[in-house]
Number of protein chains: 4
Amino acid sequence: MCRWLAYSGTPVFLKELLFDLPHSLVDQSLHSRLGVETTNGDGFGIGWYDETETPAVFKSVEPAWNDENLRELASHVRSPLVFAHIRASTGTPVQQTNCHPFRYGRWLWMHNGSIAHFHDVKRELMLAVDPSLYSEVRGSTDSEAFFFLALTFGLENDPPAAVERAVGMIEHVGHRRGIELPIQMTVATSDGDRVWGFRYSSEHRSRSLFYSTSIDTLREQYPENPLFDGLSDETRVVVSEPLGDLVGAWNQVPESSYGIIQHGQDELRPFTPRPPK
Amino acid sequence: MCRWLAYSGTPVFLKELLFDLPHSLVDQSLHSRLGVETTNGDGFGIGWYDETETPAVFKSVEPAWNDENLRELASHVRSPLVFAHIRASTGTPVQQTNCHPFRYGRWLWMHNGSIAHFHDVKRELMLAVDPSLYSEVRGSTDSEAFFFLALTFGLENDPPAAVERAVGMIEHVGHRRGIELPIQMTVATSDGDRVWGFRYSSEHRSRSLFYSTSIDTLREQYPENPLFDGLSDETRVVVSEPLGDLVGAWNQVPESSYGIIQHGQDELRPFTPRPPK
Amino acid sequence: MCRWLAYSGTPVFLKELLFDLPHSLVDQSLHSRLGVETTNGDGFGIGWYDETETPAVFKSVEPAWNDENLRELASHVRSPLVFAHIRASTGTPVQQTNCHPFRYGRWLWMHNGSIAHFHDVKRELMLAVDPSLYSEVRGSTDSEAFFFLALTFGLENDPPAAVERAVGMIEHVGHRRGIELPIQMTVATSDGDRVWGFRYSSEHRSRSLFYSTSIDTLREQYPENPLFDGLSDETRVVVSEPLGDLVGAWNQVPESSYGIIQHGQDELRPFTPRPPK
Amino acid sequence: MCRWLAYSGTPVFLKELLFDLPHSLVDQSLHSRLGVETTNGDGFGIGWYDETETPAVFKSVEPAWNDENLRELASHVRSPLVFAHIRASTGTPVQQTNCHPFRYGRWLWMHNGSIAHFHDVKRELMLAVDPSLYSEVRGSTDSEAFFFLALTFGLENDPPAAVERAVGMIEHVGHRRGIELPIQMTVATSDGDRVWGFRYSSEHRSRSLFYSTSIDTLREQYPENPLFDGLSDETRVVVSEPLGDLVGAWNQVPESSYGIIQHGQDELRPFTPRPPK
């Protein structure tokens, strides 16, 4: 399993998200509290949006806690929309092409969890990927196959529907092969404008997922805390586990639901897989 | 393109094959003479057979000329049957799972050349791989897909027929998509007992491939050369390009043919792709 | 801090030491019980002796639990004398030249612990290294500087005396700079014939170190345990923490002492640093 | 030997310097024309200044032509002052701490060439480094030792004098040990404001070094060339070898001289090593 973080709001240096907080993502790479594994040392990746067309992606097979280049970039890259992911492999090789976030055009995607018995269903799921996309898959993980299924089902037009159809397909294929609980997932995806965060699992006991309380509420609650200075009211973080212990700062994403971080009011809605017809 | 070497005969330390000769494989990684690229610095791999069940494989994404672990192993590993490969990527990522030799059970496989427009034919070729083997493919190269096609067509029972059928399939799929010259290849494969070396290309102008003159002939020709001391008469090397300039030591494998290195008389036969029925 | 293992006895495949036991060294890389850190993921190294002149060394900056090449070698390399070390950096960079074991001629050296405030005493200690050895230091760790101090003080002739003088020097330099507790250490060193294991710290509360009970005793105690089949009576392992929970199998090396594993009776003696005159 | 590039002027994306030009630095990593080696594949590094206090540094042991992270950063990082270096090792290990540019505070440093017989003079040169700086040396190269000598001799106050004194010391120590030609060098250094580029060797046949013609001259000469659009008149590049074949664009830095790129008129002056008194 893995840990991830999606940030949207006032531009920040990556180090503020990855290193500076008491239970930052890099701290979680060594000492995860809520993950299946305490160590998430099987590579990492970050993605960020800036003024250029395509989001940047930086990936490494070293543990995040060791990577000197990550430390450098974290002090020099500032972005209003950041994805970060630390990996604990569920069996597929530790190589850059297997590190999250995955990218297609302006879209980023990262996943915590797994497709159960992926080895047994991989071929069938890859055949369900649109033929024009098949050769774009660069690595060998279940997470990237899942991304390309979502792209096949229209991620770029209607992300929630596409993810619901992708999950419906994964459950359909799994069930047909006698796999009782085909998927376990939290997922983040973005087009650089909005961020979608999903929490779902076939057994309805999904990996943890949290979103930050709105900044204006936190500012009222903690008028002296400098952490919220200079952050816009629209700033929001979604994380596998809280980045600190601040009471009231973190809210669990409910089971089988997804949130949308966007300009104006963010939203939280139920998530229902859509089986293939 | 790449460079490779297959050795069969009296057990030798890897360094004798990889480092010690004037135009050794590691020298070729920086200064190939006959390759499409002079530099073959996109990772490397070695495979060797010993008394254990499965051949050993050691792979790295570093250039061979730099890898300190390769130097160490080369001085300590001795084997009667060695594969070595230095890679010049034709586009797929530089990662260990894309380094040759590939392994399946007791079989090793390495390839120089490429499947033309692999991006366009990958899906169709991967669908031709036996479903039970599909999830065993670990990397993303044309060379590994080719290996799994050969396995699908019976490599373990009749290697020449299997490779002829795999190439026939690759040409069939390519031609149907308007690719005039679908494949360029030299290939080595082994089960730990025999070694097969193939040279073929759709345009019948294949990458270079050489086999060493039999040791007893060389010993007669060079009675003072210590290189041949202690080597059995059956010792043979197959290489992308000669390891030195010794006159009479290297013989070109003819266009569209394959050789078998085995106990007793080695063989050289014509290679004819077999299109799918 | 780190974890290490030194094996001497009947030739074994590395995998038996590194992977197969319930609390094997690779398991300790993720879940150390007695180490200062539970994770030892900052690179690793193995060294082994064979019929060649110089021991082999294989090092990697990847965590041991991930390294596919380590898995390969572990199944194919068999040796009667093996060093293995997993690193948890105390600040110096994660790079192969900082991985243990360090080698000089036929000597291997590995260390768990640290020279306190190494940054402040490094220059003075490096000046105490014999000038002819200065440029042989390849990395930047305290552990390698310690090794070269021991070599300077005669490691190759009288290992215990040399280590006692090196530690005396480290304490002398440290004390002069106001460092109360200059060293914390367990150390293993070998010339391929004997193995010396040291346990000492300035505060006399040294990192854990264990040696295995003699095989004939274990065989008597566990007549049905296949683990001891085929192991000579002289086989011995020294480890930072036990490789399993077998009652009676592991004995703590006493505080401020060292052991010698050798043909005939092994020995255990007090360790006393010798300050420079 | 190595290849390097220093850019100062209108902020550009790194890709314009590293990838886009016909004989860009990444092209030079595979096909250097003027270097001692055609291949510069032993790691690389880039450094750049931005609005933060300390320049950023990104280093990798992979060849530059392969590194996907370099490609990513090159498309997303924009800077007015960039150092880039591709390494061809002269013997010291390929590891990030040996990649240029080296950094100290706001200073960057990179070097092409070598200190002759560095192994023999390393200790003496390292003793000449200011004791307070000794432990800041992180790698094992001659180039970094040279940097710390220059820092010792006042690089931060008077760079030309400091480099002249450092070279004087290197020649003094070398000559005393019977080394006829102790140093071969082109060096770039910067504090984020100005850039100094040095060309010198004991034999007065130094590695090549070029500076670009002033942009206003080039714009006059090539009024239609879009390359110069949007570049300020003060923009300047210093390179080991020209990035393309544009006639009139590149000028050789004279033997035994150095240039200063600065606001207002750049300067070119003779370089004379200053032996220690």
# chains A, B, ... in the order shown; residues from 1 in each chain; ligands from 1
$ calpha_fit_and_write --fixed "chain A" --moving "chain C" --output "mmCIF file with C-alpha atoms, in the first residue's frame"
data_model
loop_
_atom_site.group_PDB
_atom_site.id
_atom_site.type_symbol
_atom_site.label_atom_id
_atom_site.label_comp_id
_atom_site.auth_asym_id
_atom_site.auth_seq_id
_atom_site.Cartn_x
_atom_site.Cartn_y
_atom_site.Cartn_z
ATOM 1 C CA MET C 1 -0.023 -0.020 -0.013
ATOM 2 C CA CYS C 2 1.003 3.588 -0.268
ATOM 3 C CA ARG C 3 0.448 7.071 1.075
ATOM 4 C CA TRP C 4 -0.471 10.116 -0.959
ATOM 5 C CA LEU C 5 -1.273 13.789 -0.758
ATOM 6 C CA ALA C 6 -3.085 16.175 -3.109
ATOM 7 C CA TYR C 7 -2.827 19.909 -2.546
ATOM 8 C CA SER C 8 -4.818 22.664 -4.198
ATOM 9 C CA GLY C 9 -4.751 26.336 -3.305
ATOM 10 C CA THR C 10 -2.307 29.133 -2.689
ATOM 11 C CA PRO C 11 1.027 28.305 -4.342
ATOM 12 C CA VAL C 12 3.401 26.717 -1.826
ATOM 13 C CA PHE C 13 6.889 25.311 -1.943
ATOM 14 C CA LEU C 14 6.772 21.543 -2.044
ATOM 15 C CA LYS C 15 8.826 21.362 1.135
ATOM 16 C CA GLU C 16 5.927 22.776 3.131
ATOM 17 C CA LEU C 17 3.881 19.765 2.111
ATOM 18 C CA LEU C 18 6.565 17.103 2.023
ATOM 19 C CA PHE C 19 8.988 17.918 4.816
ATOM 20 C CA ASP C 20 7.939 20.689 7.179
ATOM 21 C CA LEU C 21 4.836 19.366 8.906
ATOM 22 C CA PRO C 22 5.134 17.129 11.987
ATOM 23 C CA HIS C 23 3.749 14.050 10.215
ATOM 24 C CA SER C 24 4.715 15.134 6.699
ATOM 25 C CA LEU C 25 4.575 12.743 3.783
ATOM 26 C CA VAL C 26 8.308 12.085 4.036
ATOM 27 C CA ASP C 27 7.876 11.291 7.724
ATOM 28 C CA GLN C 28 5.073 8.917 6.718
ATOM 29 C CA SER C 29 7.477 7.168 4.329
ATOM 30 C CA LEU C 30 9.315 5.896 7.411
ATOM 31 C CA HIS C 31 6.586 5.928 10.046
ATOM 32 C CA SER C 32 3.132 5.624 8.579
ATOM 33 C CA ARG C 33 0.504 5.296 11.311
ATOM 34 C CA LEU C 34 -2.571 4.345 9.333
ATOM 35 C CA GLY C 35 -1.067 2.464 6.392
ATOM 36 C CA VAL C 36 -0.975 -1.289 5.967
ATOM 37 C CA GLU C 37 2.817 -1.037 6.125
ATOM 38 C CA THR C 38 4.669 1.437 8.337
ATOM 39 C CA THR C 39 7.386 1.788 5.714
ATOM 40 C CA ASN C 40 6.638 3.258 2.292
ATOM 41 C CA GLY C 41 10.106 3.003 0.819
ATOM 42 C CA ASP C 42 9.549 1.559 -2.646
ATOM 43 C CA GLY C 43 10.004 4.725 -4.638
ATOM 44 C CA PHE C 44 7.989 7.920 -4.788
ATOM 45 C CA GLY C 45 6.745 10.521 -7.196
ATOM 46 C CA ILE C 46 5.540 14.090 -7.255
ATOM 47 C CA GLY C 47 3.566 15.940 -9.875
ATOM 48 C CA TRP C 48 2.791 19.620 -10.076
ATOM 49 C CA TYR C 49 1.065 22.080 -12.322
ATOM 50 C CA ASP C 50 2.595 25.367 -13.395
ATOM 51 C CA GLU C 51 2.206 27.838 -16.256
ATOM 52 C CA THR C 52 3.279 25.276 -18.869
ATOM 53 C CA GLU C 53 0.954 23.027 -20.822
ATOM 54 C CA THR C 54 1.732 19.710 -19.154
ATOM 55 C CA PRO C 55 2.170 19.013 -15.449
ATOM 56 C CA ALA C 56 5.695 18.163 -14.315
ATOM 57 C CA VAL C 57 6.438 14.746 -12.873
ATOM 58 C CA PHE C 58 9.481 13.773 -10.817
ATOM 59 C CA LYS C 59 9.924 10.119 -9.821
ATOM 60 C CA SER C 60 12.572 8.091 -8.102
ATOM 61 C CA VAL C 61 13.095 4.527 -6.942
ATOM 62 C CA GLU C 62 14.960 5.671 -3.862
ATOM 63 C CA PRO C 63 13.022 5.999 -0.635
ATOM 64 C CA ALA C 64 11.704 9.551 -0.320
ATOM 65 C CA TRP C 65 13.525 10.047 2.965
ATOM 66 C CA ASN C 66 16.880 9.629 1.200
ATOM 67 C CA ASP C 67 16.492 11.399 -2.074
ATOM 68 C CA GLU C 68 18.654 14.502 -2.196
ATOM 69 C CA ASN C 69 17.098 15.671 -5.439
ATOM 70 C CA LEU C 70 13.672 15.607 -3.813
ATOM 71 C CA ARG C 71 14.977 17.815 -1.022
ATOM 72 C CA GLU C 72 16.405 20.236 -3.590
ATOM 73 C CA LEU C 73 13.258 20.445 -5.688
ATOM 74 C CA ALA C 74 11.094 20.772 -2.613
ATOM 75 C CA SER C 75 12.920 23.984 -1.734
ATOM 76 C CA HIS C 76 12.717 25.466 -5.225
ATOM 77 C CA VAL C 77 9.476 24.361 -6.824
ATOM 78 C CA ARG C 78 6.321 26.269 -5.916
ATOM 79 C CA SER C 79 2.942 25.245 -7.237
ATOM 80 C CA PRO C 80 -0.792 25.759 -6.617
ATOM 81 C CA LEU C 81 -1.625 22.116 -7.363
ATOM 82 C CA VAL C 82 0.589 19.312 -6.165
ATOM 83 C CA PHE C 83 0.326 15.517 -6.116
ATOM 84 C CA ALA C 84 2.769 13.474 -4.049
ATOM 85 C CA HIS C 85 2.898 9.720 -3.568
ATOM 86 C CA ILE C 86 5.128 7.350 -1.610
ATOM 87 C CA ARG C 87 4.986 3.738 -2.619
ATOM 88 C CA ALA C 88 4.861 0.443 -0.768
ATOM 89 C CA SER C 89 4.853 -2.063 -3.589
ATOM 90 C CA THR C 90 2.319 -4.868 -3.581
ATOM 91 C CA GLY C 91 4.571 -6.954 -5.771
ATOM 92 C CA THR C 92 5.237 -5.140 -9.026
ATOM 93 C CA PRO C 93 8.837 -4.001 -9.602
ATOM 94 C CA VAL C 94 10.266 -0.855 -8.038
ATOM 95 C CA GLN C 95 11.041 1.236 -11.112
ATOM 96 C CA GLN C 96 10.244 4.779 -12.152
ATOM 97 C CA THR C 97 7.561 3.686 -14.601
ATOM 98 C CA ASN C 98 5.700 2.111 -11.679
ATOM 99 C CA CYS C 99 5.843 5.231 -9.501
ATOM 100 C CA HIS C 100 2.794 7.423 -9.158
ATOM 101 C CA PRO C 101 1.489 9.910 -10.161
ATOM 102 C CA PHE C 102 0.829 8.635 -13.664
ATOM 103 C CA ARG C 103 0.287 11.246 -16.339
ATOM 104 C CA TYR C 104 -1.691 11.440 -19.557
ATOM 105 C CA GLY C 105 -1.861 14.806 -21.251
ATOM 106 C CA ARG C 106 -2.874 17.244 -18.529
ATOM 107 C CA TRP C 107 -4.147 14.495 -16.249
ATOM 108 C CA LEU C 108 -2.444 13.117 -13.178
ATOM 109 C CA TRP C 109 -3.540 9.996 -11.287
ATOM 110 C CA MET C 110 -2.419 8.303 -8.116
ATOM 111 C CA HIS C 111 -3.763 5.360 -6.176
ATOM 112 C CA ASN C 112 -3.453 3.679 -2.821
ATOM 113 C CA GLY C 113 -4.724 0.124 -2.609
ATOM 114 C CA SER C 114 -4.697 -2.640 -5.163
ATOM 115 C CA ILE C 115 -6.612 -4.656 -7.688
ATOM 116 C CA ALA C 116 -6.855 -8.070 -6.019
ATOM 117 C CA HIS C 117 -5.117 -10.943 -7.827
ATOM 118 C CA PHE C 118 -3.983 -8.514 -10.492
ATOM 119 C CA HIS C 119 -1.785 -11.182 -12.028
ATOM 120 C CA ASP C 120 -4.897 -13.191 -12.857
ATOM 121 C CA VAL C 121 -7.002 -10.385 -14.293
ATOM 122 C CA LYS C 122 -4.343 -8.197 -15.888
ATOM 123 C CA ARG C 123 -4.797 -9.477 -19.428
ATOM 124 C CA GLU C 124 -8.545 -9.098 -19.377
ATOM 125 C CA LEU C 125 -8.361 -5.593 -17.944
ATOM 126 C CA MET C 126 -5.677 -4.538 -20.425
ATOM 127 C CA LEU C 127 -7.902 -5.774 -23.259
ATOM 128 C CA ALA C 128 -10.623 -3.501 -21.961
ATOM 129 C CA VAL C 129 -8.292 -0.521 -22.353
ATOM 130 C CA ASP C 130 -8.964 1.395 -25.551
ATOM 131 C CA PRO C 131 -6.644 -0.002 -28.261
ATOM 132 C CA SER C 132 -5.351 3.479 -29.050
ATOM 133 C CA LEU C 133 -4.215 3.798 -25.435
ATOM 134 C CA TYR C 134 -2.763 0.316 -24.966
ATOM 135 C CA SER C 135 0.812 1.206 -25.927
ATOM 136 C CA GLU C 136 0.796 4.321 -23.753
ATOM 137 C CA VAL C 137 0.902 2.176 -20.605
ATOM 138 C CA ARG C 138 4.548 2.405 -19.567
ATOM 139 C CA GLY C 139 4.789 0.394 -16.348
ATOM 140 C CA SER C 140 3.355 -2.804 -14.992
ATOM 141 C CA THR C 141 1.189 -1.828 -12.015
ATOM 142 C CA ASP C 142 -2.458 -2.383 -11.337
ATOM 143 C CA SER C 143 -2.710 1.345 -10.559
ATOM 144 C CA GLU C 144 -1.670 2.422 -14.047
ATOM 145 C CA ALA C 145 -3.961 -0.151 -15.688
ATOM 146 C CA PHE C 146 -6.769 1.304 -13.556
ATOM 147 C CA PHE C 147 -5.858 4.817 -14.785
ATOM 148 C CA PHE C 148 -6.045 3.712 -18.404
ATOM 149 C CA LEU C 149 -9.363 2.014 -17.814
ATOM 150 C CA ALA C 150 -10.661 5.286 -16.406
ATOM 151 C CA LEU C 151 -9.295 7.141 -19.439
ATOM 152 C CA THR C 152 -11.011 4.578 -21.669
ATOM 153 C CA PHE C 153 -14.283 5.225 -19.887
ATOM 154 C CA GLY C 154 -14.112 8.992 -20.326
ATOM 155 C CA LEU C 155 -12.035 10.350 -17.465
ATOM 156 C CA GLU C 156 -11.327 13.500 -19.425
ATOM 157 C CA ASN C 157 -15.019 14.289 -19.807
ATOM 158 C CA ASP C 158 -16.714 13.034 -16.654
ATOM 159 C CA PRO C 159 -14.221 11.823 -14.069
ATOM 160 C CA PRO C 160 -16.664 10.430 -11.486
ATOM 161 C CA ALA C 161 -18.609 8.472 -14.107
ATOM 162 C CA ALA C 162 -15.385 7.187 -15.682
ATOM 163 C CA VAL C 163 -13.982 6.002 -12.370
ATOM 164 C CA GLU C 164 -17.308 4.404 -11.473
ATOM 165 C CA ARG C 165 -17.288 2.533 -14.788
ATOM 166 C CA ALA C 166 -13.644 1.510 -14.408
ATOM 167 C CA VAL C 167 -14.309 0.155 -10.924
ATOM 168 C CA GLY C 168 -17.458 -1.543 -12.203
ATOM 169 C CA MET C 169 -15.364 -3.256 -14.865
ATOM 170 C CA ILE C 170 -12.692 -4.305 -12.360
ATOM 171 C CA GLU C 171 -15.333 -5.781 -10.064
ATOM 172 C CA HIS C 172 -17.096 -7.472 -12.955
ATOM 173 C CA VAL C 173 -13.908 -9.126 -14.231
ATOM 174 C CA GLY C 174 -12.842 -10.057 -10.737
ATOM 175 C CA HIS C 175 -16.167 -11.569 -9.727
ATOM 176 C CA ARG C 176 -16.255 -13.627 -12.902
ATOM 177 C CA ARG C 177 -12.950 -15.118 -11.840
ATOM 178 C CA GLY C 178 -14.147 -15.828 -8.340
ATOM 179 C CA ILE C 179 -12.380 -12.925 -6.687
ATOM 180 C CA GLU C 180 -14.659 -11.879 -3.871
ATOM 181 C CA LEU C 181 -13.250 -8.417 -3.200
ATOM 182 C CA PRO C 182 -11.709 -7.185 -6.435
ATOM 183 C CA ILE C 183 -10.622 -3.678 -5.484
ATOM 184 C CA GLN C 184 -9.331 -1.558 -2.646
ATOM 185 C CA MET C 185 -8.721 2.099 -3.425
ATOM 186 C CA THR C 186 -8.257 5.677 -2.661
ATOM 187 C CA VAL C 187 -7.567 7.647 -5.825
ATOM 188 C CA ALA C 188 -6.739 11.237 -6.683
ATOM 189 C CA THR C 189 -6.921 12.642 -10.176
ATOM 190 C CA SER C 190 -6.723 16.133 -11.631
ATOM 191 C CA ASP C 191 -6.738 18.063 -14.875
ATOM 192 C CA GLY C 192 -4.880 20.976 -13.324
ATOM 193 C CA ASP C 193 -8.096 22.789 -12.584
ATOM 194 C CA ARG C 194 -10.110 20.548 -10.285
ATOM 195 C CA VAL C 195 -9.054 17.640 -8.062
ATOM 196 C CA TRP C 196 -11.175 14.531 -7.544
ATOM 197 C CA GLY C 197 -10.540 12.255 -4.553
ATOM 198 C CA PHE C 198 -12.189 8.817 -4.351
ATOM 199 C CA ARG C 199 -12.536 6.361 -1.483
ATOM 200 C CA TYR C 200 -13.971 2.943 -2.168
ATOM 201 C CA SER C 201 -13.376 -0.768 -1.751
ATOM 202 C CA SER C 202 -15.368 -3.858 -2.656
ATOM 203 C CA GLU C 203 -15.540 -4.790 0.999
ATOM 204 C CA HIS C 204 -16.660 -1.286 2.008
ATOM 205 C CA ARG C 205 -13.777 -1.015 4.446
ATOM 206 C CA SER C 206 -11.576 1.281 2.435
ATOM 207 C CA ARG C 207 -8.135 2.638 3.180
ATOM 208 C CA SER C 208 -8.210 5.877 5.147
ATOM 209 C CA LEU C 209 -8.666 9.225 3.383
ATOM 210 C CA PHE C 210 -8.913 12.689 4.875
ATOM 211 C CA TYR C 211 -9.552 16.214 3.673
ATOM 212 C CA SER C 212 -8.537 19.368 5.438
ATOM 213 C CA THR C 213 -11.019 21.678 7.096
ATOM 214 C CA SER C 214 -11.593 24.905 5.220
ATOM 215 C CA ILE C 215 -8.941 27.499 5.933
ATOM 216 C CA ASP C 216 -11.336 30.188 7.163
ATOM 217 C CA THR C 217 -12.690 27.790 9.788
ATOM 218 C CA LEU C 218 -9.178 26.824 10.869
ATOM 219 C CA ARG C 219 -8.123 30.444 10.991
ATOM 220 C CA GLU C 220 -11.022 31.206 13.306
ATOM 221 C CA GLN C 221 -10.223 28.220 15.480
ATOM 222 C CA TYR C 222 -6.483 28.935 15.603
ATOM 223 C CA PRO C 223 -6.139 32.693 15.209
ATOM 224 C CA GLU C 224 -2.483 32.621 16.298
ATOM 225 C CA ASN C 225 -1.333 29.722 14.118
ATOM 226 C CA PRO C 226 1.024 31.061 11.441
ATOM 227 C CA LEU C 227 0.435 27.960 9.315
ATOM 228 C CA PHE C 228 -2.708 29.478 7.841
ATOM 229 C CA ASP C 229 -1.264 32.913 7.109
ATOM 230 C CA GLY C 230 -1.164 33.601 3.463
ATOM 231 C CA LEU C 231 -3.306 30.624 2.533
ATOM 232 C CA SER C 232 -6.438 31.401 0.550
ATOM 233 C CA ASP C 233 -9.800 30.264 1.855
ATOM 234 C CA GLU C 234 -9.998 27.839 -1.053
ATOM 235 C CA THR C 235 -6.838 25.968 -0.099
ATOM 236 C CA ARG C 236 -7.461 22.277 0.535
ATOM 237 C CA VAL C 237 -5.397 19.132 1.117
ATOM 238 C CA VAL C 238 -6.525 15.540 0.668
ATOM 239 C CA VAL C 239 -4.308 12.922 2.309
ATOM 240 C CA SER C 240 -4.093 9.217 3.122
ATOM 241 C CA GLU C 241 -3.387 10.157 6.691
ATOM 242 C CA PRO C 242 -3.293 13.504 8.514
ATOM 243 C CA LEU C 243 -0.092 15.544 8.291
ATOM 244 C CA GLY C 244 -0.283 16.471 11.966
ATOM 245 C CA ASP C 245 -2.350 16.274 15.089
ATOM 246 C CA LEU C 246 -4.145 19.615 14.963
ATOM 247 C CA VAL C 247 -7.599 19.034 16.429
ATOM 248 C CA GLY C 248 -10.348 19.868 13.969
ATOM 249 C CA ALA C 249 -8.065 20.110 10.960
ATOM 250 C CA TRP C 250 -8.834 16.758 9.349
ATOM 251 C CA ASN C 251 -12.060 15.117 8.286
ATOM 252 C CA GLN C 252 -12.506 11.568 7.101
ATOM 253 C CA VAL C 253 -13.815 11.156 3.550
ATOM 254 C CA PRO C 254 -16.850 8.883 4.096
ATOM 255 C CA GLU C 255 -16.807 5.282 2.886
ATOM 256 C CA SER C 256 -17.802 4.887 -0.799
ATOM 257 C CA SER C 257 -17.737 8.540 -1.708
ATOM 258 C CA TYR C 258 -15.712 11.100 -3.594
ATOM 259 C CA GLY C 259 -14.947 14.753 -3.256
ATOM 260 C CA ILE C 260 -14.342 17.506 -5.790
ATOM 261 C CA ILE C 261 -11.992 20.383 -5.008
ATOM 262 C CA GLN C 262 -12.844 23.265 -7.265
ATOM 263 C CA HIS C 263 -13.331 26.981 -7.481
ATOM 264 C CA GLY C 264 -16.275 27.894 -5.320
ATOM 265 C CA GLN C 265 -17.892 25.292 -3.112
ATOM 266 C CA ASP C 266 -16.147 21.911 -2.902
ATOM 267 C CA GLU C 267 -18.408 18.874 -3.081
ATOM 268 C CA LEU C 268 -18.742 15.433 -1.505
ATOM 269 C CA ARG C 269 -20.857 12.752 -3.208
ATOM 270 C CA PRO C 270 -21.566 9.024 -2.995
ATOM 271 C CA PHE C 271 -19.512 6.699 -5.207
ATOM 272 C CA THR C 272 -21.249 3.775 -6.902
ATOM 273 C CA PRO C 273 -19.418 1.437 -9.275
ATOM 274 C CA ARG C 274 -21.160 0.971 -12.626
ATOM 275 C CA PRO C 275 -20.902 -2.567 -13.987
ATOM 276 C CA PRO C 276 -20.498 -2.962 -17.754
ATOM 277 C CA LYS C 277 -23.766 -3.432 -19.591
#
$ select_by_dssp --residues "range 30-211 of chain C" --states "strand (DSSP E)" --output "ChimeraX atom specification"
/C:44-48,56-60,78-86,102-104,107-115,183-190,195-201,210-211
$ decode --residues "range 100-122 of chain A" --atoms "C-alpha atoms" --output "compact mmCIF listing (two decimals), in the first residue's frame"
# COMPACT_ATOMS: atom_id res chain seq x y z
CA HIS A 100 2.80 7.42 -9.16
CA PRO A 101 1.49 9.91 -10.16
CA PHE A 102 0.83 8.63 -13.67
CA ARG A 103 0.27 11.25 -16.34
CA TYR A 104 -1.69 11.44 -19.56
CA GLY A 105 -1.89 14.82 -21.26
CA ARG A 106 -2.88 17.25 -18.53
CA TRP A 107 -4.15 14.50 -16.24
CA LEU A 108 -2.44 13.11 -13.18
CA TRP A 109 -3.52 10.00 -11.29
CA MET A 110 -2.41 8.31 -8.11
CA HIS A 111 -3.75 5.36 -6.18
CA ASN A 112 -3.44 3.68 -2.81
CA GLY A 113 -4.71 0.12 -2.60
CA SER A 114 -4.70 -2.65 -5.16
CA ILE A 115 -6.61 -4.66 -7.69
CA ALA A 116 -6.85 -8.07 -6.02
CA HIS A 117 -5.13 -10.95 -7.83
CA PHE A 118 -3.99 -8.51 -10.49
CA HIS A 119 -1.78 -11.19 -12.04
CA ASP A 120 -4.91 -13.21 -12.87
CA VAL A 121 -7.01 -10.38 -14.29
CA LYS A 122 -4.36 -8.20 -15.89
